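Peer 1: See coords_11.cif below, with mmCIF, C-alpha atoms.
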data_run
loop_
_atom_site.group_PDB
_atom_site.id
_atom_site.type_symbol
_atom_site.label_atom_id
_atom_site.label_comp_id
_atom_site.auth_asym_id
_atom_site.auth_seq_id
_atom_site.Cartn_x
_atom_site.Cartn_y
_atom_site.Cartn_z
ATOM 1 C CA MET A 1 -60.583 1.939 356.574
ATOM 2 C CA PRO A 2 -57.929 2.792 353.973
ATOM 3 C CA PHE A 3 -60.259 4.580 351.531
ATOM 4 C CA LYS A 4 -63.319 6.686 352.316
ATOM 5 C CA LYS A 5 -64.775 6.212 348.857
ATOM 6 C CA SER A 6 -63.779 3.950 346.016
ATOM 7 C CA ILE A 7 -65.223 2.998 342.671
ATOM 8 C CA VAL A 8 -65.515 -0.222 340.736
ATOM 9 C CA GLY A 9 -67.128 -0.666 337.341
ATOM 10 C CA GLY A 10 -68.349 -3.255 334.895
ATOM 11 C CA THR A 11 -71.265 -4.908 333.190
ATOM 12 C CA PHE A 12 -71.416 -7.722 335.732
ATOM 13 C CA ASP A 13 -73.353 -10.042 333.461
ATOM 14 C CA ASN A 14 -73.638 -13.650 334.634
ATOM 15 C CA PHE A 15 -72.445 -12.491 338.051
ATOM 16 C CA HIS A 16 -69.620 -14.865 338.961
ATOM 17 C CA LYS A 17 -66.812 -15.543 341.433
ATOM 18 C CA GLY A 18 -64.499 -13.085 339.637
ATOM 19 C CA HIS A 19 -67.037 -10.286 339.994
ATOM 20 C CA GLN A 20 -67.522 -11.234 343.623
ATOM 21 C CA ASP A 21 -63.791 -11.082 344.349
ATOM 22 C CA LEU A 22 -63.546 -7.679 342.671
ATOM 23 C CA ILE A 23 -66.469 -6.171 344.555
ATOM 24 C CA LYS A 24 -65.474 -7.789 347.823
ATOM 25 C CA THR A 25 -61.988 -6.252 347.538
ATOM 26 C CA ALA A 26 -63.542 -2.827 346.907
ATOM 27 C CA ILE A 27 -65.823 -3.223 349.911
ATOM 28 C CA ASP A 28 -63.043 -4.516 352.170
ATOM 29 C CA LEU A 29 -60.884 -1.491 351.333
ATOM 30 C CA SER A 30 -63.471 1.268 351.570
ATOM 31 C CA THR A 31 -66.010 2.947 353.781
ATOM 32 C CA SER A 32 -68.285 3.446 350.787
ATOM 33 C CA VAL A 33 -68.218 2.001 347.290
ATOM 34 C CA VAL A 34 -69.679 3.334 344.056
ATOM 35 C CA ILE A 35 -70.466 0.529 341.623
ATOM 36 C CA GLY A 36 -70.687 1.872 338.079
ATOM 37 C CA MET A 37 -72.736 -0.570 336.045
ATOM 38 C CA THR A 38 -73.116 -0.244 332.294
ATOM 39 C CA SER A 39 -76.591 0.660 331.031
ATOM 40 C CA ASP A 40 -78.362 -1.763 328.720
ATOM 41 C CA GLN A 41 -77.766 0.553 325.785
ATOM 42 C CA PHE A 42 -74.065 1.013 326.501
ATOM 43 C CA ALA A 43 -73.485 -2.687 327.222
ATOM 44 C CA GLN A 44 -74.957 -3.588 323.836
ATOM 45 C CA LYS A 45 -72.431 -1.370 322.092
ATOM 46 C CA PHE A 46 -69.427 -3.454 323.029
ATOM 47 C CA ARG A 47 -70.623 -6.826 324.316
ATOM 48 C CA THR A 48 -71.222 -9.739 322.071
ATOM 49 C CA GLY A 49 -74.165 -11.953 322.925
ATOM 50 C CA ASP A 50 -77.153 -11.218 325.105
ATOM 51 C CA VAL A 51 -76.671 -9.318 328.327
ATOM 52 C CA ASP A 52 -79.155 -9.447 331.168
ATOM 53 C CA SER A 53 -81.130 -6.267 331.836
ATOM 54 C CA PHE A 54 -79.700 -3.542 334.075
ATOM 55 C CA LYS A 55 -82.499 -4.274 336.540
ATOM 56 C CA LYS A 56 -81.608 -7.942 336.764
ATOM 57 C CA ARG A 57 -77.848 -7.327 336.957
ATOM 58 C CA SER A 58 -78.207 -4.671 339.646
ATOM 59 C CA ASP A 59 -80.596 -6.806 341.710
ATOM 60 C CA VAL A 60 -78.009 -9.596 341.819
ATOM 61 C CA ILE A 61 -75.206 -7.251 342.892
ATOM 62 C CA SER A 62 -77.379 -5.503 345.459
ATOM 63 C CA HIS A 63 -78.179 -8.820 347.031
ATOM 64 C CA PHE A 64 -74.494 -9.773 347.149
ATOM 65 C CA CYS A 65 -73.395 -6.425 348.618
ATOM 66 C CA LYS A 66 -76.101 -6.466 351.260
ATOM 67 C CA THR A 67 -74.729 -9.726 352.590
ATOM 68 C CA LEU A 68 -71.397 -7.923 353.103
ATOM 69 C CA GLY A 69 -73.119 -5.193 355.120
ATOM 70 C CA LYS A 70 -71.355 -2.124 353.772
ATOM 71 C CA ASP A 71 -72.322 1.192 352.246
ATOM 72 C CA PHE A 72 -72.584 0.851 348.465
ATOM 73 C CA LYS A 73 -74.373 2.585 345.612
ATOM 74 C CA ILE A 74 -75.029 1.209 342.140
ATOM 75 C CA ILE A 75 -75.172 3.819 339.411
ATOM 76 C CA GLU A 76 -75.900 3.430 335.720
ATOM 77 C CA ILE A 77 -73.045 4.432 333.444
ATOM 78 C CA ASN A 78 -73.179 5.258 329.749
ATOM 79 C CA ASP A 79 -69.462 5.401 329.053
ATOM 80 C CA PHE A 80 -66.341 3.634 330.343
ATOM 81 C CA TYR A 81 -65.712 6.178 333.080
ATOM 82 C CA GLY A 82 -68.886 7.199 334.915
ATOM 83 C CA PRO A 83 -68.128 9.464 337.895
ATOM 84 C CA SER A 84 -64.528 8.188 338.144
ATOM 85 C CA THR A 85 -63.260 11.133 336.079
ATOM 86 C CA THR A 86 -65.376 13.807 337.749
ATOM 87 C CA ASP A 87 -65.856 13.007 341.455
ATOM 88 C CA PRO A 88 -63.102 14.624 343.571
ATOM 89 C CA SER A 89 -64.041 12.597 346.642
ATOM 90 C CA ILE A 90 -63.145 9.217 345.118
ATOM 91 C CA GLU A 91 -59.788 7.977 346.418
ATOM 92 C CA ALA A 92 -59.318 4.582 344.760
ATOM 93 C CA ILE A 93 -60.435 2.525 341.807
ATOM 94 C CA ILE A 94 -60.598 -1.258 341.948
ATOM 95 C CA VAL A 95 -60.046 -2.962 338.605
ATOM 96 C CA SER A 96 -59.454 -6.427 337.214
ATOM 97 C CA GLU A 97 -56.400 -7.262 335.136
ATOM 98 C CA GLU A 98 -58.649 -6.812 332.107
ATOM 99 C CA THR A 99 -59.542 -3.210 332.889
ATOM 100 C CA ALA A 100 -56.309 -1.997 334.487
ATOM 101 C CA LEU A 101 -55.441 0.172 331.499
ATOM 102 C CA ARG A 102 -58.766 1.946 331.822
ATOM 103 C CA ALA A 103 -57.699 3.093 335.289
ATOM 104 C CA LYS A 104 -54.590 4.710 333.786
ATOM 105 C CA GLU A 105 -56.805 6.585 331.304
ATOM 106 C CA ILE A 106 -59.029 7.708 334.142
ATOM 107 C CA ASN A 107 -56.066 9.086 336.067
ATOM 108 C CA ALA A 108 -54.796 10.911 332.972
ATOM 109 C CA ILE A 109 -58.230 12.532 332.553
ATOM 110 C CA ARG A 110 -58.373 13.435 336.261
ATOM 111 C CA VAL A 111 -54.983 15.158 336.084
ATOM 112 C CA LYS A 112 -56.124 17.241 333.111
ATOM 113 C CA LYS A 113 -59.121 18.335 335.169
ATOM 114 C CA GLY A 114 -56.975 19.185 338.195
ATOM 115 C CA LEU A 115 -58.258 16.257 340.260
ATOM 116 C CA ASN A 116 -56.133 13.947 342.416
ATOM 117 C CA LYS A 117 -55.044 10.678 340.850
ATOM 118 C CA LEU A 118 -56.736 7.571 342.215
ATOM 119 C CA VAL A 119 -54.940 4.724 343.911
ATOM 120 C CA ILE A 120 -55.300 1.829 341.457
ATOM 121 C CA VAL A 121 -56.011 -1.576 342.974
ATOM 122 C CA GLU A 122 -55.607 -4.332 340.393
ATOM 123 C CA VAL A 123 -57.213 -7.615 341.391
ATOM 124 C CA PRO A 124 -55.999 -10.749 339.580
ATOM 125 C CA PHE A 125 -58.448 -12.807 337.561
ATOM 126 C CA THR A 126 -60.211 -15.481 339.535
ATOM 127 C CA LEU A 127 -59.364 -18.777 337.922
ATOM 128 C CA ALA A 128 -61.721 -21.568 336.966
ATOM 129 C CA GLU A 129 -61.060 -25.226 337.682
ATOM 130 C CA ASP A 130 -58.993 -25.428 334.480
ATOM 131 C CA GLY A 131 -56.696 -22.580 335.507
ATOM 132 C CA LYS A 132 -58.119 -20.115 332.956
ATOM 133 C CA PRO A 133 -59.968 -16.975 334.056
ATOM 134 C CA ILE A 134 -63.655 -17.154 334.908
ATOM 135 C CA SER A 135 -65.585 -14.924 332.506
ATOM 136 C CA SER A 136 -69.207 -14.123 331.678
ATOM 137 C CA GLU A 137 -68.553 -15.347 328.118
ATOM 138 C CA ARG A 138 -67.358 -18.767 329.268
ATOM 139 C CA ILE A 139 -70.401 -19.092 331.512
ATOM 140 C CA ARG A 140 -72.721 -18.041 328.669
ATOM 141 C CA GLU A 141 -71.156 -20.636 326.405
ATOM 142 C CA GLY A 142 -71.745 -23.304 329.030
ATOM 143 C CA GLU A 143 -68.058 -24.119 329.582
ATOM 144 C CA ILE A 144 -68.091 -23.351 333.308
ATOM 145 C CA ASP A 145 -70.454 -22.279 336.047
ATOM 146 C CA GLY A 146 -70.220 -19.062 338.078
ATOM 147 C CA ASP A 147 -67.796 -20.640 340.546
ATOM 148 C CA GLY A 148 -65.494 -21.820 337.789
ATOM 149 C CA ASN A 149 -66.409 -25.493 337.852
ATOM 150 C CA LEU A 150 -66.165 -27.162 334.459
ATOM 151 C CA ALA A 151 -69.506 -28.128 332.994
ATOM 152 C CA MET B 152 -58.077 -5.988 357.291
ATOM 153 C CA PRO B 153 -58.141 -6.629 353.527
ATOM 154 C CA PHE B 154 -54.733 -8.327 353.293
ATOM 155 C CA LYS B 155 -53.035 -10.550 355.852
ATOM 156 C CA LYS B 156 -49.577 -9.894 354.465
ATOM 157 C CA SER B 157 -48.372 -7.427 351.877
ATOM 158 C CA ILE B 158 -45.019 -6.300 350.566
ATOM 159 C CA VAL B 159 -43.545 -2.962 349.596
ATOM 160 C CA GLY B 160 -40.037 -2.344 348.314
ATOM 161 C CA GLY B 161 -37.535 0.369 347.615
ATOM 162 C CA THR B 162 -34.293 2.037 348.542
ATOM 163 C CA PHE B 163 -36.032 4.675 350.639
ATOM 164 C CA ASP B 164 -33.120 7.083 350.528
ATOM 165 C CA ASN B 165 -33.839 10.593 351.814
ATOM 166 C CA PHE B 166 -37.054 9.247 353.325
ATOM 167 C CA HIS B 167 -39.763 11.649 352.156
ATOM 168 C CA LYS B 168 -43.511 12.235 352.006
ATOM 169 C CA GLY B 169 -43.851 9.965 348.948
ATOM 170 C CA HIS B 170 -42.205 7.066 350.787
ATOM 171 C CA GLN B 171 -44.417 7.761 353.781
ATOM 172 C CA ASP B 172 -47.592 7.674 351.682
ATOM 173 C CA LEU B 173 -46.515 4.389 350.089
ATOM 174 C CA ILE B 174 -45.689 2.675 353.374
ATOM 175 C CA LYS B 175 -48.716 4.110 355.114
ATOM 176 C CA THR B 176 -50.975 2.688 352.378
ATOM 177 C CA ALA B 177 -49.341 -0.732 352.784
ATOM 178 C CA ILE B 178 -49.811 -0.593 356.538
ATOM 179 C CA ASP B 179 -53.413 0.629 356.301
ATOM 180 C CA LEU B 180 -54.299 -2.281 354.005
ATOM 181 C CA SER B 181 -52.537 -5.115 355.796
ATOM 182 C CA THR B 182 -52.222 -6.995 359.037
ATOM 183 C CA SER B 183 -48.485 -7.351 358.457
ATOM 184 C CA VAL B 184 -46.128 -5.677 356.013
ATOM 185 C CA VAL B 185 -42.794 -6.832 354.640
ATOM 186 C CA ILE B 186 -40.614 -3.900 353.635
ATOM 187 C CA GLY B 187 -37.943 -5.013 351.171
ATOM 188 C CA MET B 188 -35.120 -2.506 351.310
ATOM 189 C CA THR B 189 -32.216 -2.596 348.882
ATOM 190 C CA SER B 190 -28.833 -3.516 350.348
ATOM 191 C CA ASP B 191 -25.998 -0.991 350.115
ATOM 192 C CA GLN B 192 -24.322 -3.090 347.460
ATOM 193 C CA PHE B 193 -27.448 -3.494 345.352
ATOM 194 C CA ALA B 194 -28.469 0.165 345.701
ATOM 195 C CA GLN B 195 -25.074 1.245 344.402
ATOM 196 C CA LYS B 196 -25.590 -0.762 341.232
ATOM 197 C CA PHE B 197 -28.449 1.340 339.936
ATOM 198 C CA ARG B 198 -28.593 4.570 341.916
ATOM 199 C CA THR B 199 -26.639 7.622 340.912
ATOM 200 C CA GLY B 200 -25.227 9.695 343.733
ATOM 201 C CA ASP B 201 -24.584 8.717 347.326
ATOM 202 C CA VAL B 202 -27.140 6.622 349.147
ATOM 203 C CA ASP B 203 -27.345 6.491 352.921
ATOM 204 C CA SER B 204 -26.320 3.212 354.554
ATOM 205 C CA PHE B 205 -28.819 0.393 354.984
ATOM 206 C CA LYS B 206 -28.582 0.892 358.730
ATOM 207 C CA LYS B 207 -29.458 4.565 358.515
ATOM 208 C CA ARG B 208 -32.277 4.021 355.990
ATOM 209 C CA SER B 209 -33.831 1.203 357.980
ATOM 210 C CA ASP B 210 -33.626 3.130 361.249
ATOM 211 C CA VAL B 211 -35.598 5.978 359.713
ATOM 212 C CA ILE B 212 -38.300 3.645 358.361
ATOM 213 C CA SER B 213 -38.502 1.668 361.603
ATOM 214 C CA HIS B 214 -39.099 4.862 363.496
ATOM 215 C CA PHE B 215 -41.835 5.895 361.067
ATOM 216 C CA CYS B 216 -43.569 2.489 361.126
ATOM 217 C CA LYS B 217 -43.476 2.287 364.900
ATOM 218 C CA THR B 218 -45.470 5.510 365.109
ATOM 219 C CA LEU B 219 -48.167 3.748 363.026
ATOM 220 C CA GLY B 220 -48.273 0.848 365.496
ATOM 221 C CA LYS B 221 -48.508 -2.083 363.089
ATOM 222 C CA ASP B 222 -46.653 -5.305 362.467
ATOM 223 C CA PHE B 223 -43.843 -4.719 359.973
ATOM 224 C CA LYS B 224 -40.534 -6.307 359.087
ATOM 225 C CA ILE B 225 -37.674 -4.734 357.151
ATOM 226 C CA ILE B 226 -35.609 -7.162 355.132
ATOM 227 C CA GLU B 227 -32.518 -6.552 353.026
ATOM 228 C CA ILE B 228 -32.941 -7.338 349.335
ATOM 229 C CA ASN B 229 -30.228 -7.915 346.747
ATOM 230 C CA ASP B 230 -32.417 -7.894 343.649
ATOM 231 C CA PHE B 231 -35.590 -6.134 342.523
ATOM 232 C CA TYR B 232 -37.890 -8.836 343.870
ATOM 233 C CA GLY B 233 -36.882 -10.062 347.315
ATOM 234 C CA PRO B 234 -39.445 -12.510 348.749
ATOM 235 C CA SER B 235 -42.223 -11.161 346.498
ATOM 236 C CA THR B 236 -41.606 -13.913 343.945
ATOM 237 C CA THR B 237 -41.179 -16.737 346.451
ATOM 238 C CA ASP B 238 -43.455 -16.216 349.459
ATOM 239 C CA PRO B 239 -46.854 -17.909 348.942
ATOM 240 C CA SER B 240 -48.395 -16.103 351.918
ATOM 241 C CA ILE B 241 -48.055 -12.618 350.441
ATOM 242 C CA GLU B 242 -51.388 -11.364 349.102
ATOM 243 C CA ALA B 243 -50.663 -7.860 347.807
ATOM 244 C CA ILE B 244 -47.848 -5.646 346.629
ATOM 245 C CA ILE B 245 -47.935 -1.898 347.093
ATOM 246 C CA VAL B 246 -46.040 0.055 344.437
ATOM 247 C CA SER B 247 -45.588 3.616 343.275
ATOM 248 C CA GLU B 248 -46.337 4.684 339.710
ATOM 249 C CA GLU B 249 -42.606 4.373 339.083
ATOM 250 C CA THR B 250 -42.408 0.697 340.029
ATOM 251 C CA ALA B 251 -45.822 -0.528 338.826
ATOM 252 C CA LEU B 252 -44.288 -2.474 335.953
ATOM 253 C CA ARG B 253 -42.098 -4.366 338.385
ATOM 254 C CA ALA B 254 -45.235 -5.708 340.029
ATOM 255 C CA LYS B 255 -46.361 -7.116 336.680
ATOM 256 C CA GLU B 256 -42.996 -8.871 336.334
ATOM 257 C CA ILE B 257 -43.364 -10.260 339.834
ATOM 258 C CA ASN B 258 -46.795 -11.682 339.035
ATOM 259 C CA ALA B 259 -45.486 -13.254 335.830
ATOM 260 C CA ILE B 260 -42.701 -14.943 337.826
ATOM 261 C CA ARG B 261 -45.149 -16.091 340.492
ATOM 262 C CA VAL B 262 -47.413 -17.701 337.893
ATOM 263 C CA LYS B 263 -44.462 -19.597 336.433
ATOM 264 C CA LYS B 264 -43.739 -20.907 339.916
ATOM 265 C CA GLY B 265 -47.363 -21.901 340.499
ATOM 266 C CA LEU B 266 -47.962 -19.178 343.080
ATOM 267 C CA ASN B 267 -51.058 -16.963 343.295
ATOM 268 C CA LYS B 268 -50.820 -13.567 341.634
ATOM 269 C CA LEU B 269 -50.648 -10.605 343.990
ATOM 270 C CA VAL B 270 -53.192 -7.828 344.132
ATOM 271 C CA ILE B 271 -51.287 -4.790 342.838
ATOM 272 C CA VAL B 272 -51.942 -1.520 344.636
ATOM 273 C CA GLU B 273 -50.501 1.412 342.714
ATOM 274 C CA VAL B 274 -50.145 4.572 344.761
ATOM 275 C CA PRO B 275 -49.835 7.850 342.825
ATOM 276 C CA PHE B 276 -46.725 9.972 343.226
ATOM 277 C CA THR B 277 -46.905 12.467 346.043
ATOM 278 C CA LEU B 278 -46.477 15.893 344.519
ATOM 279 C CA ALA B 279 -44.201 18.676 345.674
ATOM 280 C CA GLU B 280 -45.261 22.308 345.968
ATOM 281 C CA ASP B 281 -44.497 22.782 342.260
ATOM 282 C CA GLY B 282 -46.794 19.923 341.193
ATOM 283 C CA LYS B 283 -43.941 17.619 340.205
ATOM 284 C CA PRO B 284 -43.294 14.354 342.072
ATOM 285 C CA ILE B 285 -41.264 14.361 345.269
ATOM 286 C CA SER B 286 -38.129 12.247 344.762
ATOM 287 C CA SER B 287 -34.948 11.397 346.630
ATOM 288 C CA GLU B 288 -32.966 12.880 343.728
ATOM 289 C CA ARG B 289 -34.730 16.243 343.938
ATOM 290 C CA ILE B 290 -34.107 16.335 347.674
ATOM 291 C CA ARG B 291 -30.447 15.419 347.204
ATOM 292 C CA GLU B 292 -30.068 18.200 344.669
ATOM 293 C CA GLY B 293 -31.538 20.664 347.137
ATOM 294 C CA GLU B 294 -34.575 21.546 344.998
ATOM 295 C CA ILE B 295 -37.140 20.531 347.621
ATOM 296 C CA ASP B 296 -37.347 19.228 351.164
ATOM 297 C CA GLY B 297 -38.844 15.885 352.226
ATOM 298 C CA ASP B 298 -42.333 17.347 352.406
ATOM 299 C CA GLY B 299 -42.076 18.784 348.904
ATOM 300 C CA ASN B 300 -41.554 22.415 349.842
ATOM 301 C CA LEU B 301 -39.410 24.301 347.362
ATOM 302 C CA ALA B 302 -36.017 25.292 348.727
#
For this file, write the structure as structure tokens.
Peer 2:
Amino acid sequence: MPFKKSIVGGTFDNFHKGHQDLIKTAIDLSTSVVIGMTSDQFAQKFRTGDVDSFKKRSDVISHFCKTLGKDFKIIEINDFYGPSTTDPSIEAIIVSEETALRAKEINAIRVKKGLNKLVIVEVPFTLAEDGKPISSERIREGEIDGDGNLA
Amino acid sequence: MPFKKSIVGGTFDNFHKGHQDLIKTAIDLSTSVVIGMTSDQFAQKFRTGDVDSFKKRSDVISHFCKTLGKDFKIIEINDFYGPSTTDPSIEAIIVSEETALRAKEINAIRVKKGLNKLVIVEVPFTLAEDGKPISSERIREGEIDGDGNLA
């Protein structure tokens, strides 16, 4: 397995095909995966619209990861970084196009702390039927379903 | 294996630990790897200083890849992209921090052509003994050896 431990983060509201592709890539690349999921309080700070509870969001991801049969751990995060800037054993970070810049910030912080930089794996957006990215917002607004089919 | 086919590119002059880490990551992630290596003519257009011949550079990489026992193919490229912008079967591109922007260009070109975007895997620079990146230039100037030891 290329990476012993990798990290992936997000809010993972309205768990959809894009989230699945991101997490599946992390799991395919790694012996163990840390999934940093935003707390309810933190998610409310920057998300517009209602977000499902941490409990509900983590139950959905747990179920998905269990079907892939790999070692994973969901942890609650209260900032954009979680353990990605502090854990020396993490080797890679898996990000979407949307959060790729965050990975650069994380590496800059790691260098300041004397930690190794992470390999950054940037996964393209998963596209809906109309060729635009699948997003939680589009699902919430009823434009598409979680697989990207137009409503 | 996460990716069926991935691509990595470069001039790979003074083959060093940084090149090895890049190619090893590509090989670890993929069933087969295309290594795009700049032609002598193309390398001379943008490199300062002497560059070893294509033959010599590819022999060194072949030897290294064979020790890793994976399917790989070295192809001569005469621009910065090679087959990365034309081959629909490529799934990922492995780049160093130095060439990460090139991968973004490649994805933009692929989208224009109606091809899938590649997963971009950005591998951090491998550092020399002094904490600065290992580079062909530093080796050529006699500052460090290929493993990053100070001369």
Peer 1: Can you turn the PyMOL selection byres ((chain B) within 9 of (chain A)) into a concrete residue list for this file, as a VMD selection string?
Peer 2: chain B and resid 152 to 153 176 179 to 180 267 to 276
Peer 1: From the set A:Lys113, A:Arg57, A:Lys73, A:Lys45, which residue has the shortest atom-to-atom contact distance to A:Ile7, counting all atoms listed in the file?
Peer 2: A:Lys73
Peer 1: Might you spell out which residues the PyMOL selection byres ((chain A and resi 143-145) around 12) would select in the displayed file, as a short mmCIF file (atom, residue, chain, number, x, y, z; two decimals) with C-alpha atoms, in the coordinates of the input?
Peer 2:
data_model
loop_
_atom_site.label_atom_id
_atom_site.label_comp_id
_atom_site.auth_asym_id
_atom_site.auth_seq_id
_atom_site.Cartn_x
_atom_site.Cartn_y
_atom_site.Cartn_z
CA ASN A 14 -73.64 -13.65 334.63
CA PHE A 15 -72.44 -12.49 338.05
CA HIS A 16 -69.62 -14.86 338.96
CA LYS A 17 -66.81 -15.54 341.43
CA GLY A 18 -64.50 -13.08 339.64
CA LEU A 127 -59.36 -18.78 337.92
CA ALA A 128 -61.72 -21.57 336.97
CA GLU A 129 -61.06 -25.23 337.68
CA ASP A 130 -58.99 -25.43 334.48
CA GLY A 131 -56.70 -22.58 335.51
CA LYS A 132 -58.12 -20.11 332.96
CA PRO A 133 -59.97 -16.98 334.06
CA ILE A 134 -63.66 -17.15 334.91
CA SER A 135 -65.58 -14.92 332.51
CA SER A 136 -69.21 -14.12 331.68
CA GLU A 137 -68.55 -15.35 328.12
CA ARG A 138 -67.36 -18.77 329.27
CA ILE A 139 -70.40 -19.09 331.51
CA ARG A 140 -72.72 -18.04 328.67
CA GLU A 141 -71.16 -20.64 326.40
CA GLY A 142 -71.74 -23.30 329.03
CA GLY A 146 -70.22 -19.06 338.08
CA ASP A 147 -67.80 -20.64 340.55
CA GLY A 148 -65.49 -21.82 337.79
CA ASN A 149 -66.41 -25.49 337.85
CA LEU A 150 -66.17 -27.16 334.46
CA ALA A 151 -69.51 -28.13 332.99
#
Peer 1: I'd like the neighbourhood of A:Ser53 as a PyMOL selection string, where a residue qualifies if any of its atoms comes within 9 Å (using all atoms listed in the file), though same-chain residues fewer than 4 positions away should be ignored.
Peer 2: chain A and resi 13+39-40+57-58
Peer 1: Select, from A:Gly36, A:Ile23, A:His63, A:Gly114, the residue with the minimum atom-to-atom distance to A:Glu76, counting all atoms listed in the file.
Peer 2: A:Gly36
Peer 1: Near A:Ile109, counting all atoms listed in the file, which residues have an atom at most 12 Å away, once you skip same-chain residues fewer than 5 positions from it, shown as a list in words?
Peer 2: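 The residues that qualify are Tyr81, Pro83, Ser84, Thr85, Thr86, Asp87, Arg102, Ala103, Lys104, Gly114, Leu115, Asn116, Lys117 and Leu118 of chain A.
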Peer 1: What does the structure give for the distance between atom CA of A:Phe12 and atom CA of B:Val262, in Å to one decimal?
Peer 2: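 These atoms are spaced 26.1 Å apart.
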Peer 1: Could you check which of A:Val34, A:Lys112, A:Cys65, A:His19 is closest to A:Ile90, using only C-alpha atoms?
Peer 2: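 Once distances to A:Ile90 are computed over only C-alpha atoms, the minimum belongs to A:Val34.
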Peer 1: Just add N, CA and C atoms to stretch 153-169 of chain B and send it as a PDB file, in the coordinates of the input.
Peer 2:
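Output file selection_14.pdb follows:
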ATOM      1  N   PRO B 153     -58.031  -5.960 354.834  1.00  0.00           N
ATOM      2  CA  PRO B 153     -58.141  -6.629 353.527  1.00  0.00           C
ATOM      3  C   PRO B 153     -57.065  -7.689 353.280  1.00  0.00           C
ATOM      4  N   PHE B 154     -55.807  -7.379 353.602  1.00  0.00           N
ATOM      5  CA  PHE B 154     -54.733  -8.327 353.293  1.00  0.00           C
ATOM      6  C   PHE B 154     -54.017  -8.757 354.572  1.00  0.00           C
ATOM      7  N   LYS B 155     -53.759 -10.062 354.671  1.00  0.00           N
ATOM      8  CA  LYS B 155     -53.035 -10.550 355.852  1.00  0.00           C
ATOM      9  C   LYS B 155     -51.588 -10.110 355.786  1.00  0.00           C
ATOM     10  N   LYS B 156     -50.999 -10.219 354.595  1.00  0.00           N
ATOM     11  CA  LYS B 156     -49.577  -9.894 354.465  1.00  0.00           C
ATOM     12  C   LYS B 156     -49.358  -9.224 353.118  1.00  0.00           C
ATOM     13  N   SER B 157     -48.684  -8.085 353.139  1.00  0.00           N
ATOM     14  CA  SER B 157     -48.372  -7.427 351.877  1.00  0.00           C
ATOM     15  C   SER B 157     -46.896  -7.043 351.876  1.00  0.00           C
ATOM     16  N   ILE B 158     -46.432  -6.650 350.704  1.00  0.00           N
ATOM     17  CA  ILE B 158     -45.019  -6.300 350.566  1.00  0.00           C
ATOM     18  C   ILE B 158     -44.887  -4.961 349.850  1.00  0.00           C
ATOM     19  N   VAL B 159     -43.864  -4.236 350.240  1.00  0.00           N
ATOM     20  CA  VAL B 159     -43.545  -2.962 349.596  1.00  0.00           C
ATOM     21  C   VAL B 159     -42.023  -2.911 349.511  1.00  0.00           C
ATOM     22  N   GLY B 160     -41.494  -2.335 348.453  1.00  0.00           N
ATOM     23  CA  GLY B 160     -40.037  -2.344 348.314  1.00  0.00           C
ATOM     24  C   GLY B 160     -39.488  -1.013 347.867  1.00  0.00           C
ATOM     25  N   GLY B 161     -38.184  -0.856 348.077  1.00  0.00           N
ATOM     26  CA  GLY B 161     -37.535   0.369 347.615  1.00  0.00           C
ATOM     27  C   GLY B 161     -36.180   0.556 348.255  1.00  0.00           C
ATOM     28  N   THR B 162     -35.563   1.673 347.912  1.00  0.00           N
ATOM     29  CA  THR B 162     -34.293   2.037 348.542  1.00  0.00           C
ATOM     30  C   THR B 162     -34.564   2.975 349.719  1.00  0.00           C
ATOM     31  N   PHE B 163     -35.594   3.779 349.562  1.00  0.00           N
ATOM     32  CA  PHE B 163     -36.032   4.675 350.639  1.00  0.00           C
ATOM     33  C   PHE B 163     -34.900   5.583 351.132  1.00  0.00           C
ATOM     34  N   ASP B 164     -34.164   6.111 350.175  1.00  0.00           N
ATOM     35  CA  ASP B 164     -33.120   7.083 350.528  1.00  0.00           C
ATOM     36  C   ASP B 164     -33.780   8.457 350.674  1.00  0.00           C
ATOM     37  N   ASN B 165     -33.222   9.288 351.527  1.00  0.00           N
ATOM     38  CA  ASN B 165     -33.839  10.593 351.814  1.00  0.00           C
ATOM     39  C   ASN B 165     -35.339  10.431 352.073  1.00  0.00           C
ATOM     40  N   PHE B 166     -35.658   9.603 353.013  1.00  0.00           N
ATOM     41  CA  PHE B 166     -37.054   9.247 353.325  1.00  0.00           C
ATOM     42  C   PHE B 166     -37.971  10.482 353.294  1.00  0.00           C
ATOM     43  N   HIS B 167     -38.939  10.456 352.392  1.00  0.00           N
ATOM     44  CA  HIS B 167     -39.763  11.649 352.156  1.00  0.00           C
ATOM     45  C   HIS B 167     -41.258  11.326 352.176  1.00  0.00           C
ATOM     46  N   LYS B 168     -42.054  12.344 351.944  1.00  0.00           N
ATOM     47  CA  LYS B 168     -43.511  12.235 352.006  1.00  0.00           C
ATOM     48  C   LYS B 168     -44.045  11.168 351.045  1.00  0.00           C
ATOM     49  N   GLY B 169     -43.416  10.999 349.893  1.00  0.00           N
ATOM     50  CA  GLY B 169     -43.851   9.965 348.948  1.00  0.00           C
ATOM     51  C   GLY B 169     -43.642   8.571 349.514  1.00  0.00           C
TER      52      GLY B 169
END
